[in-house]
Amino acid sequence: MNATIVIYGSSTGTCEAIAEKIASKLGCEAVNVQNLTADVINSHQNLILGTSTWGAGELQDDWYDGLKMLQSADLSSKTIALFGCGDCSTYSDTFVGGMGELYLGIKDCGARFIGCVETGEYTFDDSEAVIDGKFIGLPLDDINEDDKTDSRIEAWIAQISPDL
């Protein structure tokens with residue numbers, strides 16, 4: 001596996017805990033997007049980016065500066081996987097929309113995106129994170145479907161690991 005890092009934005013700690021689970025399973029480090037630097041980006045081939053979703057499907061607040069940093073970096077040789085935290089019950093019309101915003105902000109950066117997930121096992125009405133019929137990363141609802149979080153992470157890591 002090439003140099004991999006998990007970068008997350010978390011307001012309540014849920015996305016942070018998930019980022020740390022993913023990093024632990026991959027044997028890499030998880031860093032808060034507040035600590036993202038050009039050196040962190042440049043020294044890792046694989047970037048696993050995670051955000052919670054707020055308001056009407058918006059990025060977690062700390063990601064706005066992090067997104068600008070990613071947009072100014074050369075990501076053309078990078079592999080990127082995304083994960084998002086959301087609430088599929090209360091916010092079923094904007095489920096994991098923050099992950100969609102993150103993707104839309106960097107989709108033209110030249111990086112290779114991996115880790116799309118089928119929508120069939122999820123109950124939601126709409127999501128900006130669904131592109132061409134699939135989630136563009138791993139969607140997680142640790143509020144309403146916490147019993148599925150670990151198995152979803154395991155399956156997703158098995159899916160992306162060969163490409164890291």
# chains A, B, ... in the order shown; residues from 1 in each chain; ligands from 1
>>> residues_around(residues="Asp125 (chain A)", least_positions_apart="3", cutoff="9 Å", atoms="only C-alpha atoms", output="JSON, numbers by chain")
{"A": [88, 91, 92, 93, 94, 95]}
>>> write_last_selection(atoms="C-alpha atoms", output="PDB file, in the first residue's frame")
ATOM      1  CA  CYS A  88     -30.840   9.206   6.479  1.00  0.00           C
ATOM      2  CA  TYR A  91     -32.348  14.515   6.513  1.00  0.00           C
ATOM      3  CA  SER A  92     -33.316  11.902   3.939  1.00  0.00           C
ATOM      4  CA  ASP A  93     -33.452  14.518   1.156  1.00  0.00           C
ATOM      5  CA  THR A  94     -29.844  15.662   1.722  1.00  0.00           C
ATOM      6  CA  PHE A  95     -28.295  12.410   3.015  1.00  0.00           C
TER       7      PHE A  95
END
>>> select_by_dssp(residues="region 50-139 of chain A", states="alpha helix (DSSP H)", output="VMD selection string")
chain A and resid 63 to 72 97 to 106
>>> write_last_selection(atoms="C-alpha atoms", output="PDB file, in the first residue's frame")
ATOM      1  CA  TRP A  63     -13.681  21.521   5.246  1.00  0.00           C
ATOM      2  CA  TYR A  64     -14.186  24.860   3.483  1.00  0.00           C
ATOM      3  CA  ASP A  65     -10.552  25.863   4.093  1.00  0.00           C
ATOM      4  CA  GLY A  66      -9.415  22.280   3.540  1.00  0.00           C
ATOM      5  CA  LEU A  67     -11.212  22.177   0.200  1.00  0.00           C
ATOM      6  CA  LYS A  68      -9.413  25.350  -0.899  1.00  0.00           C
ATOM      7  CA  MET A  69      -6.097  23.736   0.026  1.00  0.00           C
ATOM      8  CA  LEU A  70      -6.946  20.605  -1.974  1.00  0.00           C
ATOM      9  CA  GLN A  71      -8.041  22.720  -4.941  1.00  0.00           C
ATOM     10  CA  SER A  72      -4.690  24.532  -4.954  1.00  0.00           C
ATOM     11  CA  GLY A  97     -24.685  15.784   0.907  1.00  0.00           C
ATOM     12  CA  GLY A  98     -21.418  17.015   2.421  1.00  0.00           C
ATOM     13  CA  MET A  99     -19.618  14.120   0.745  1.00  0.00           C
ATOM     14  CA  GLY A 100     -21.183  15.203  -2.546  1.00  0.00           C
ATOM     15  CA  GLU A 101     -19.996  18.789  -2.011  1.00  0.00           C
ATOM     16  CA  LEU A 102     -16.492  17.558  -1.268  1.00  0.00           C
ATOM     17  CA  TYR A 103     -16.474  15.497  -4.465  1.00  0.00           C
ATOM     18  CA  LEU A 104     -17.855  18.336  -6.592  1.00  0.00           C
ATOM     19  CA  GLY A 105     -15.158  20.634  -5.233  1.00  0.00           C
ATOM     20  CA  ILE A 106     -12.300  18.393  -6.396  1.00  0.00           C
TER      21      ILE A 106
END
>>> select_by_dssp(residues="region 67-156 of chain A", states="strand (DSSP E)", output="JSON, numbers by chain")
{"A": [79, 80, 81, 82, 83, 84, 85, 112, 113, 114, 117, 118, 130, 131, 134, 135, 138, 139, 140]}
>>> write_last_selection(atoms="all heavy atoms", output="short mmCIF file (atom, residue, chain, number, x, y, z; two decimals), in the first residue's frame")
data_model
loop_
_atom_site.label_atom_id
_atom_site.label_comp_id
_atom_site.auth_asym_id
_atom_site.auth_seq_id
_atom_site.Cartn_x
_atom_site.Cartn_y
_atom_site.Cartn_z
N THR A 79 -4.74 9.11 -5.54
CA THR A 79 -5.94 8.29 -5.49
C THR A 79 -6.74 8.78 -4.30
O THR A 79 -6.21 8.93 -3.21
CB THR A 79 -5.57 6.80 -5.32
OG1 THR A 79 -4.82 6.38 -6.46
CG2 THR A 79 -6.81 5.94 -5.18
N ILE A 80 -8.02 9.04 -4.53
CA ILE A 80 -8.88 9.61 -3.49
C ILE A 80 -10.10 8.71 -3.28
O ILE A 80 -10.74 8.28 -4.23
CB ILE A 80 -9.34 11.04 -3.86
CG1 ILE A 80 -8.12 11.97 -3.95
CG2 ILE A 80 -10.37 11.56 -2.87
CD1 ILE A 80 -8.45 13.38 -4.41
N ALA A 81 -10.40 8.46 -2.02
CA ALA A 81 -11.62 7.77 -1.62
C ALA A 81 -12.34 8.67 -0.63
O ALA A 81 -11.71 9.36 0.17
CB ALA A 81 -11.31 6.42 -0.98
N LEU A 82 -13.66 8.69 -0.69
CA LEU A 82 -14.46 9.56 0.15
C LEU A 82 -15.38 8.76 1.05
O LEU A 82 -15.85 7.69 0.68
CB LEU A 82 -15.32 10.49 -0.72
CG LEU A 82 -14.60 11.34 -1.75
CD1 LEU A 82 -15.62 12.01 -2.68
CD2 LEU A 82 -13.75 12.40 -1.08
N PHE A 83 -15.63 9.31 2.24
CA PHE A 83 -16.69 8.77 3.09
C PHE A 83 -17.43 9.94 3.71
O PHE A 83 -16.88 11.02 3.89
CB PHE A 83 -16.16 7.79 4.15
CG PHE A 83 -15.32 8.40 5.24
CD1 PHE A 83 -15.90 8.79 6.44
CD2 PHE A 83 -13.96 8.56 5.07
CE1 PHE A 83 -15.11 9.33 7.46
CE2 PHE A 83 -13.16 9.10 6.07
CZ PHE A 83 -13.75 9.49 7.26
N GLY A 84 -18.70 9.71 3.99
CA GLY A 84 -19.51 10.78 4.54
C GLY A 84 -20.44 10.29 5.62
O GLY A 84 -20.93 9.16 5.57
N CYS A 85 -20.67 11.15 6.60
CA CYS A 85 -21.59 10.85 7.69
C CYS A 85 -22.84 11.69 7.51
O CYS A 85 -22.76 12.87 7.16
CB CYS A 85 -20.95 11.17 9.04
SG CYS A 85 -19.43 10.27 9.35
N ARG A 112 -7.60 10.06 -9.30
CA ARG A 112 -8.40 8.86 -9.55
C ARG A 112 -9.26 8.63 -8.31
O ARG A 112 -8.75 8.52 -7.20
CB ARG A 112 -7.48 7.66 -9.78
CG ARG A 112 -8.23 6.37 -10.02
CD ARG A 112 -7.27 5.25 -10.40
NE ARG A 112 -6.38 4.96 -9.30
CZ ARG A 112 -6.22 3.75 -8.78
NH1 ARG A 112 -6.87 2.71 -9.29
NH2 ARG A 112 -5.40 3.55 -7.78
N PHE A 113 -10.58 8.59 -8.50
CA PHE A 113 -11.51 8.37 -7.40
C PHE A 113 -11.90 6.90 -7.35
O PHE A 113 -12.19 6.29 -8.38
CB PHE A 113 -12.76 9.24 -7.57
CG PHE A 113 -12.50 10.70 -7.30
CD1 PHE A 113 -12.05 11.53 -8.31
CD2 PHE A 113 -12.67 11.21 -6.02
CE1 PHE A 113 -11.79 12.88 -8.06
CE2 PHE A 113 -12.41 12.56 -5.76
CZ PHE A 113 -11.98 13.39 -6.79
N ILE A 114 -11.88 6.35 -6.14
CA ILE A 114 -12.25 4.96 -5.93
C ILE A 114 -13.29 4.89 -4.80
O ILE A 114 -13.46 5.84 -4.05
CB ILE A 114 -11.03 4.08 -5.57
CG1 ILE A 114 -10.37 4.56 -4.27
CG2 ILE A 114 -10.02 4.07 -6.72
CD1 ILE A 114 -9.30 3.62 -3.72
N VAL A 117 -20.20 3.27 -3.91
CA VAL A 117 -21.02 2.31 -3.18
C VAL A 117 -22.44 2.30 -3.77
O VAL A 117 -23.01 3.37 -4.03
CB VAL A 117 -21.06 2.67 -1.67
CG1 VAL A 117 -22.05 1.81 -0.92
CG2 VAL A 117 -19.67 2.56 -1.06
N GLU A 118 -22.98 1.12 -3.95
CA GLU A 118 -24.36 0.97 -4.45
C GLU A 118 -25.34 1.60 -3.46
O GLU A 118 -25.13 1.53 -2.25
CB GLU A 118 -24.70 -0.51 -4.64
CG GLU A 118 -23.87 -1.21 -5.69
CD GLU A 118 -24.18 -0.79 -7.12
OE1 GLU A 118 -25.28 -0.25 -7.35
OE2 GLU A 118 -23.33 -1.00 -7.99
N VAL A 130 -24.87 11.06 -4.78
CA VAL A 130 -25.15 10.00 -5.74
C VAL A 130 -24.83 10.54 -7.14
O VAL A 130 -25.43 11.50 -7.60
CB VAL A 130 -26.62 9.52 -5.65
CG1 VAL A 130 -26.91 8.52 -6.77
CG2 VAL A 130 -26.90 8.91 -4.29
N ILE A 131 -23.86 9.91 -7.77
CA ILE A 131 -23.42 10.28 -9.11
C ILE A 131 -23.53 9.03 -9.98
O ILE A 131 -23.01 7.97 -9.61
CB ILE A 131 -21.95 10.78 -9.11
CG1 ILE A 131 -21.72 11.88 -8.06
CG2 ILE A 131 -21.51 11.21 -10.50
CD1 ILE A 131 -22.33 13.22 -8.35
N LYS A 134 -24.72 5.77 -8.14
CA LYS A 134 -23.99 5.22 -7.00
C LYS A 134 -23.54 6.36 -6.09
O LYS A 134 -23.30 7.48 -6.56
CB LYS A 134 -22.75 4.45 -7.46
CG LYS A 134 -23.03 3.20 -8.22
CD LYS A 134 -21.73 2.51 -8.55
CE LYS A 134 -21.99 1.22 -9.32
NZ LYS A 134 -20.73 0.52 -9.60
N PHE A 135 -23.36 6.04 -4.80
CA PHE A 135 -22.71 7.00 -3.92
C PHE A 135 -21.25 7.11 -4.35
O PHE A 135 -20.61 6.10 -4.66
CB PHE A 135 -22.77 6.53 -2.46
CG PHE A 135 -24.11 6.71 -1.82
CD1 PHE A 135 -24.92 5.62 -1.58
CD2 PHE A 135 -24.56 7.97 -1.44
CE1 PHE A 135 -26.16 5.76 -0.97
CE2 PHE A 135 -25.80 8.13 -0.84
CZ PHE A 135 -26.60 7.02 -0.60
N LEU A 138 -18.28 6.13 0.62
CA LEU A 138 -18.97 5.34 1.63
C LEU A 138 -19.89 6.22 2.47
O LEU A 138 -19.42 7.08 3.21
CB LEU A 138 -17.95 4.66 2.55
CG LEU A 138 -18.53 3.91 3.75
CD1 LEU A 138 -19.38 2.73 3.29
CD2 LEU A 138 -17.41 3.47 4.67
N PRO A 139 -21.22 6.03 2.36
CA PRO A 139 -22.14 6.78 3.21
C PRO A 139 -22.40 6.02 4.51
O PRO A 139 -22.57 4.81 4.51
CB PRO A 139 -23.42 6.83 2.36
CG PRO A 139 -23.36 5.63 1.49
CD PRO A 139 -21.90 5.26 1.34
N LEU A 140 -22.38 6.76 5.62
CA LEU A 140 -22.61 6.14 6.91
C LEU A 140 -23.60 6.97 7.72
O LEU A 140 -23.52 8.20 7.73
CB LEU A 140 -21.30 6.01 7.70
CG LEU A 140 -20.25 5.11 7.06
CD1 LEU A 140 -18.90 5.32 7.72
CD2 LEU A 140 -20.68 3.65 7.15
#
>>> residues_around(residues="Thr149 (chain A)", least_positions_apart="4", cutoff="12 Å", atoms="only C-alpha atoms", output="PyMOL selection string")
chain A and resi 14-15+17-19+21-22+83-86+122+138-145+153-156
>>> write_last_selection(atoms="N, CA and C atoms", output="PDB file, in the first residue's frame")
ATOM      1  N   THR A  14     -18.397  12.230  15.686  1.00  0.00           N
ATOM      2  CA  THR A  14     -18.802  11.012  14.977  1.00  0.00           C
ATOM      3  C   THR A  14     -17.892  10.738  13.786  1.00  0.00           C
ATOM      4  N   CYS A  15     -17.683  11.735  12.942  1.00  0.00           N
ATOM      5  CA  CYS A  15     -16.838  11.544  11.756  1.00  0.00           C
ATOM      6  C   CYS A  15     -15.384  11.274  12.169  1.00  0.00           C
ATOM      7  N   ALA A  17     -14.415   9.670  14.914  1.00  0.00           N
ATOM      8  CA  ALA A  17     -14.348   8.280  15.365  1.00  0.00           C
ATOM      9  C   ALA A  17     -14.337   7.320  14.180  1.00  0.00           C
ATOM     10  N   ILE A  18     -15.130   7.603  13.166  1.00  0.00           N
ATOM     11  CA  ILE A  18     -15.162   6.759  11.975  1.00  0.00           C
ATOM     12  C   ILE A  18     -13.836   6.856  11.223  1.00  0.00           C
ATOM     13  N   ALA A  19     -13.301   8.062  11.115  1.00  0.00           N
ATOM     14  CA  ALA A  19     -12.003   8.242  10.450  1.00  0.00           C
ATOM     15  C   ALA A  19     -10.919   7.439  11.164  1.00  0.00           C
ATOM     16  N   LYS A  21     -11.368   4.731  12.949  1.00  0.00           N
ATOM     17  CA  LYS A  21     -11.619   3.306  12.672  1.00  0.00           C
ATOM     18  C   LYS A  21     -11.029   2.916  11.325  1.00  0.00           C
ATOM     19  N   ILE A  22     -11.304   3.735  10.314  1.00  0.00           N
ATOM     20  CA  ILE A  22     -10.815   3.448   8.970  1.00  0.00           C
ATOM     21  C   ILE A  22      -9.290   3.465   8.949  1.00  0.00           C
ATOM     22  N   PHE A  83     -15.631   9.306   2.244  1.00  0.00           N
ATOM     23  CA  PHE A  83     -16.692   8.774   3.091  1.00  0.00           C
ATOM     24  C   PHE A  83     -17.425   9.942   3.715  1.00  0.00           C
ATOM     25  N   GLY A  84     -18.698   9.714   3.991  1.00  0.00           N
ATOM     26  CA  GLY A  84     -19.515  10.784   4.539  1.00  0.00           C
ATOM     27  C   GLY A  84     -20.438  10.287   5.624  1.00  0.00           C
ATOM     28  N   CYS A  85     -20.669  11.148   6.601  1.00  0.00           N
ATOM     29  CA  CYS A  85     -21.593  10.847   7.688  1.00  0.00           C
ATOM     30  C   CYS A  85     -22.840  11.689   7.512  1.00  0.00           C
ATOM     31  N   GLY A  86     -23.986  11.065   7.753  1.00  0.00           N
ATOM     32  CA  GLY A  86     -25.236  11.787   7.616  1.00  0.00           C
ATOM     33  C   GLY A  86     -26.344  11.114   8.390  1.00  0.00           C
ATOM     34  N   TYR A 122     -29.434   1.392   1.267  1.00  0.00           N
ATOM     35  CA  TYR A 122     -29.666   2.617   2.028  1.00  0.00           C
ATOM     36  C   TYR A 122     -31.090   3.111   1.813  1.00  0.00           C
ATOM     37  N   LEU A 138     -18.282   6.134   0.616  1.00  0.00           N
ATOM     38  CA  LEU A 138     -18.974   5.341   1.628  1.00  0.00           C
ATOM     39  C   LEU A 138     -19.890   6.224   2.467  1.00  0.00           C
ATOM     40  N   PRO A 139     -21.216   6.034   2.362  1.00  0.00           N
ATOM     41  CA  PRO A 139     -22.144   6.777   3.207  1.00  0.00           C
ATOM     42  C   PRO A 139     -22.395   6.022   4.511  1.00  0.00           C
ATOM     43  N   LEU A 140     -22.377   6.755   5.618  1.00  0.00           N
ATOM     44  CA  LEU A 140     -22.615   6.137   6.913  1.00  0.00           C
ATOM     45  C   LEU A 140     -23.604   6.969   7.716  1.00  0.00           C
ATOM     46  N   ASP A 141     -24.517   6.296   8.368  1.00  0.00           N
ATOM     47  CA  ASP A 141     -25.448   6.937   9.292  1.00  0.00           C
ATOM     48  C   ASP A 141     -25.265   6.261  10.639  1.00  0.00           C
ATOM     49  N   ASP A 142     -24.382   6.824  11.438  1.00  0.00           N
ATOM     50  CA  ASP A 142     -24.055   6.233  12.730  1.00  0.00           C
ATOM     51  C   ASP A 142     -25.081   6.609  13.802  1.00  0.00           C
ATOM     52  N   ILE A 143     -26.132   7.322  13.395  1.00  0.00           N
ATOM     53  CA  ILE A 143     -27.206   7.689  14.315  1.00  0.00           C
ATOM     54  C   ILE A 143     -28.329   6.659  14.219  1.00  0.00           C
ATOM     55  N   ASN A 144     -28.819   6.428  13.008  1.00  0.00           N
ATOM     56  CA  ASN A 144     -29.958   5.538  12.800  1.00  0.00           C
ATOM     57  C   ASN A 144     -29.566   4.121  12.410  1.00  0.00           C
ATOM     58  N   GLU A 145     -28.372   3.952  11.866  1.00  0.00           N
ATOM     59  CA  GLU A 145     -27.946   2.633  11.380  1.00  0.00           C
ATOM     60  C   GLU A 145     -26.573   2.263  11.932  1.00  0.00           C
ATOM     61  N   ILE A 153     -17.986  -0.396   6.799  1.00  0.00           N
ATOM     62  CA  ILE A 153     -16.570   0.005   6.743  1.00  0.00           C
ATOM     63  C   ILE A 153     -15.721  -1.171   6.271  1.00  0.00           C
ATOM     64  N   GLU A 154     -15.948  -2.348   6.840  1.00  0.00           N
ATOM     65  CA  GLU A 154     -15.173  -3.539   6.456  1.00  0.00           C
ATOM     66  C   GLU A 154     -15.301  -3.824   4.960  1.00  0.00           C
ATOM     67  N   ALA A 155     -16.515  -3.804   4.446  1.00  0.00           N
ATOM     68  CA  ALA A 155     -16.744  -4.096   3.028  1.00  0.00           C
ATOM     69  C   ALA A 155     -16.084  -3.041   2.145  1.00  0.00           C
ATOM     70  N   TRP A 156     -16.170  -1.791   2.551  1.00  0.00           N
ATOM     71  CA  TRP A 156     -15.593  -0.705   1.766  1.00  0.00           C
ATOM     72  C   TRP A 156     -14.063  -0.773   1.752  1.00  0.00           C
TER      73      TRP A 156
END
>>> atom_distance(atom1="CA of Tyr8 (chain A)", atom2="CA of Ala30 (chain A)")
7.4 Å
>>> atom_distance(atom1="CA of Ser10 (chain A)", atom2="CA of Leu164 (chain A)")
23.9 Å
>>> residues_around(residues="Gln60 (chain A)", least_positions_apart="5", cutoff="7 Å", atoms="only C-alpha atoms", output="compact mmCIF listing (two decimals) with C-alpha atoms, in the first residue's frame")
# COMPACT_ATOMS: atom_id res chain seq x y z
CA GLY A 9 -13.80 17.14 9.39
CA SER A 10 -15.92 16.52 12.47
CA THR A 51 -16.92 14.78 6.19
CA SER A 52 -20.09 15.01 8.14
CA THR A 53 -23.10 16.76 6.61
CA TRP A 54 -24.76 19.86 8.04
CA GLY A 98 -21.42 17.01 2.42
>>> atom_distance(atom1="CA of Lys148 (chain A)", atom2="CA of Cys28 (chain A)")
22.9 Å
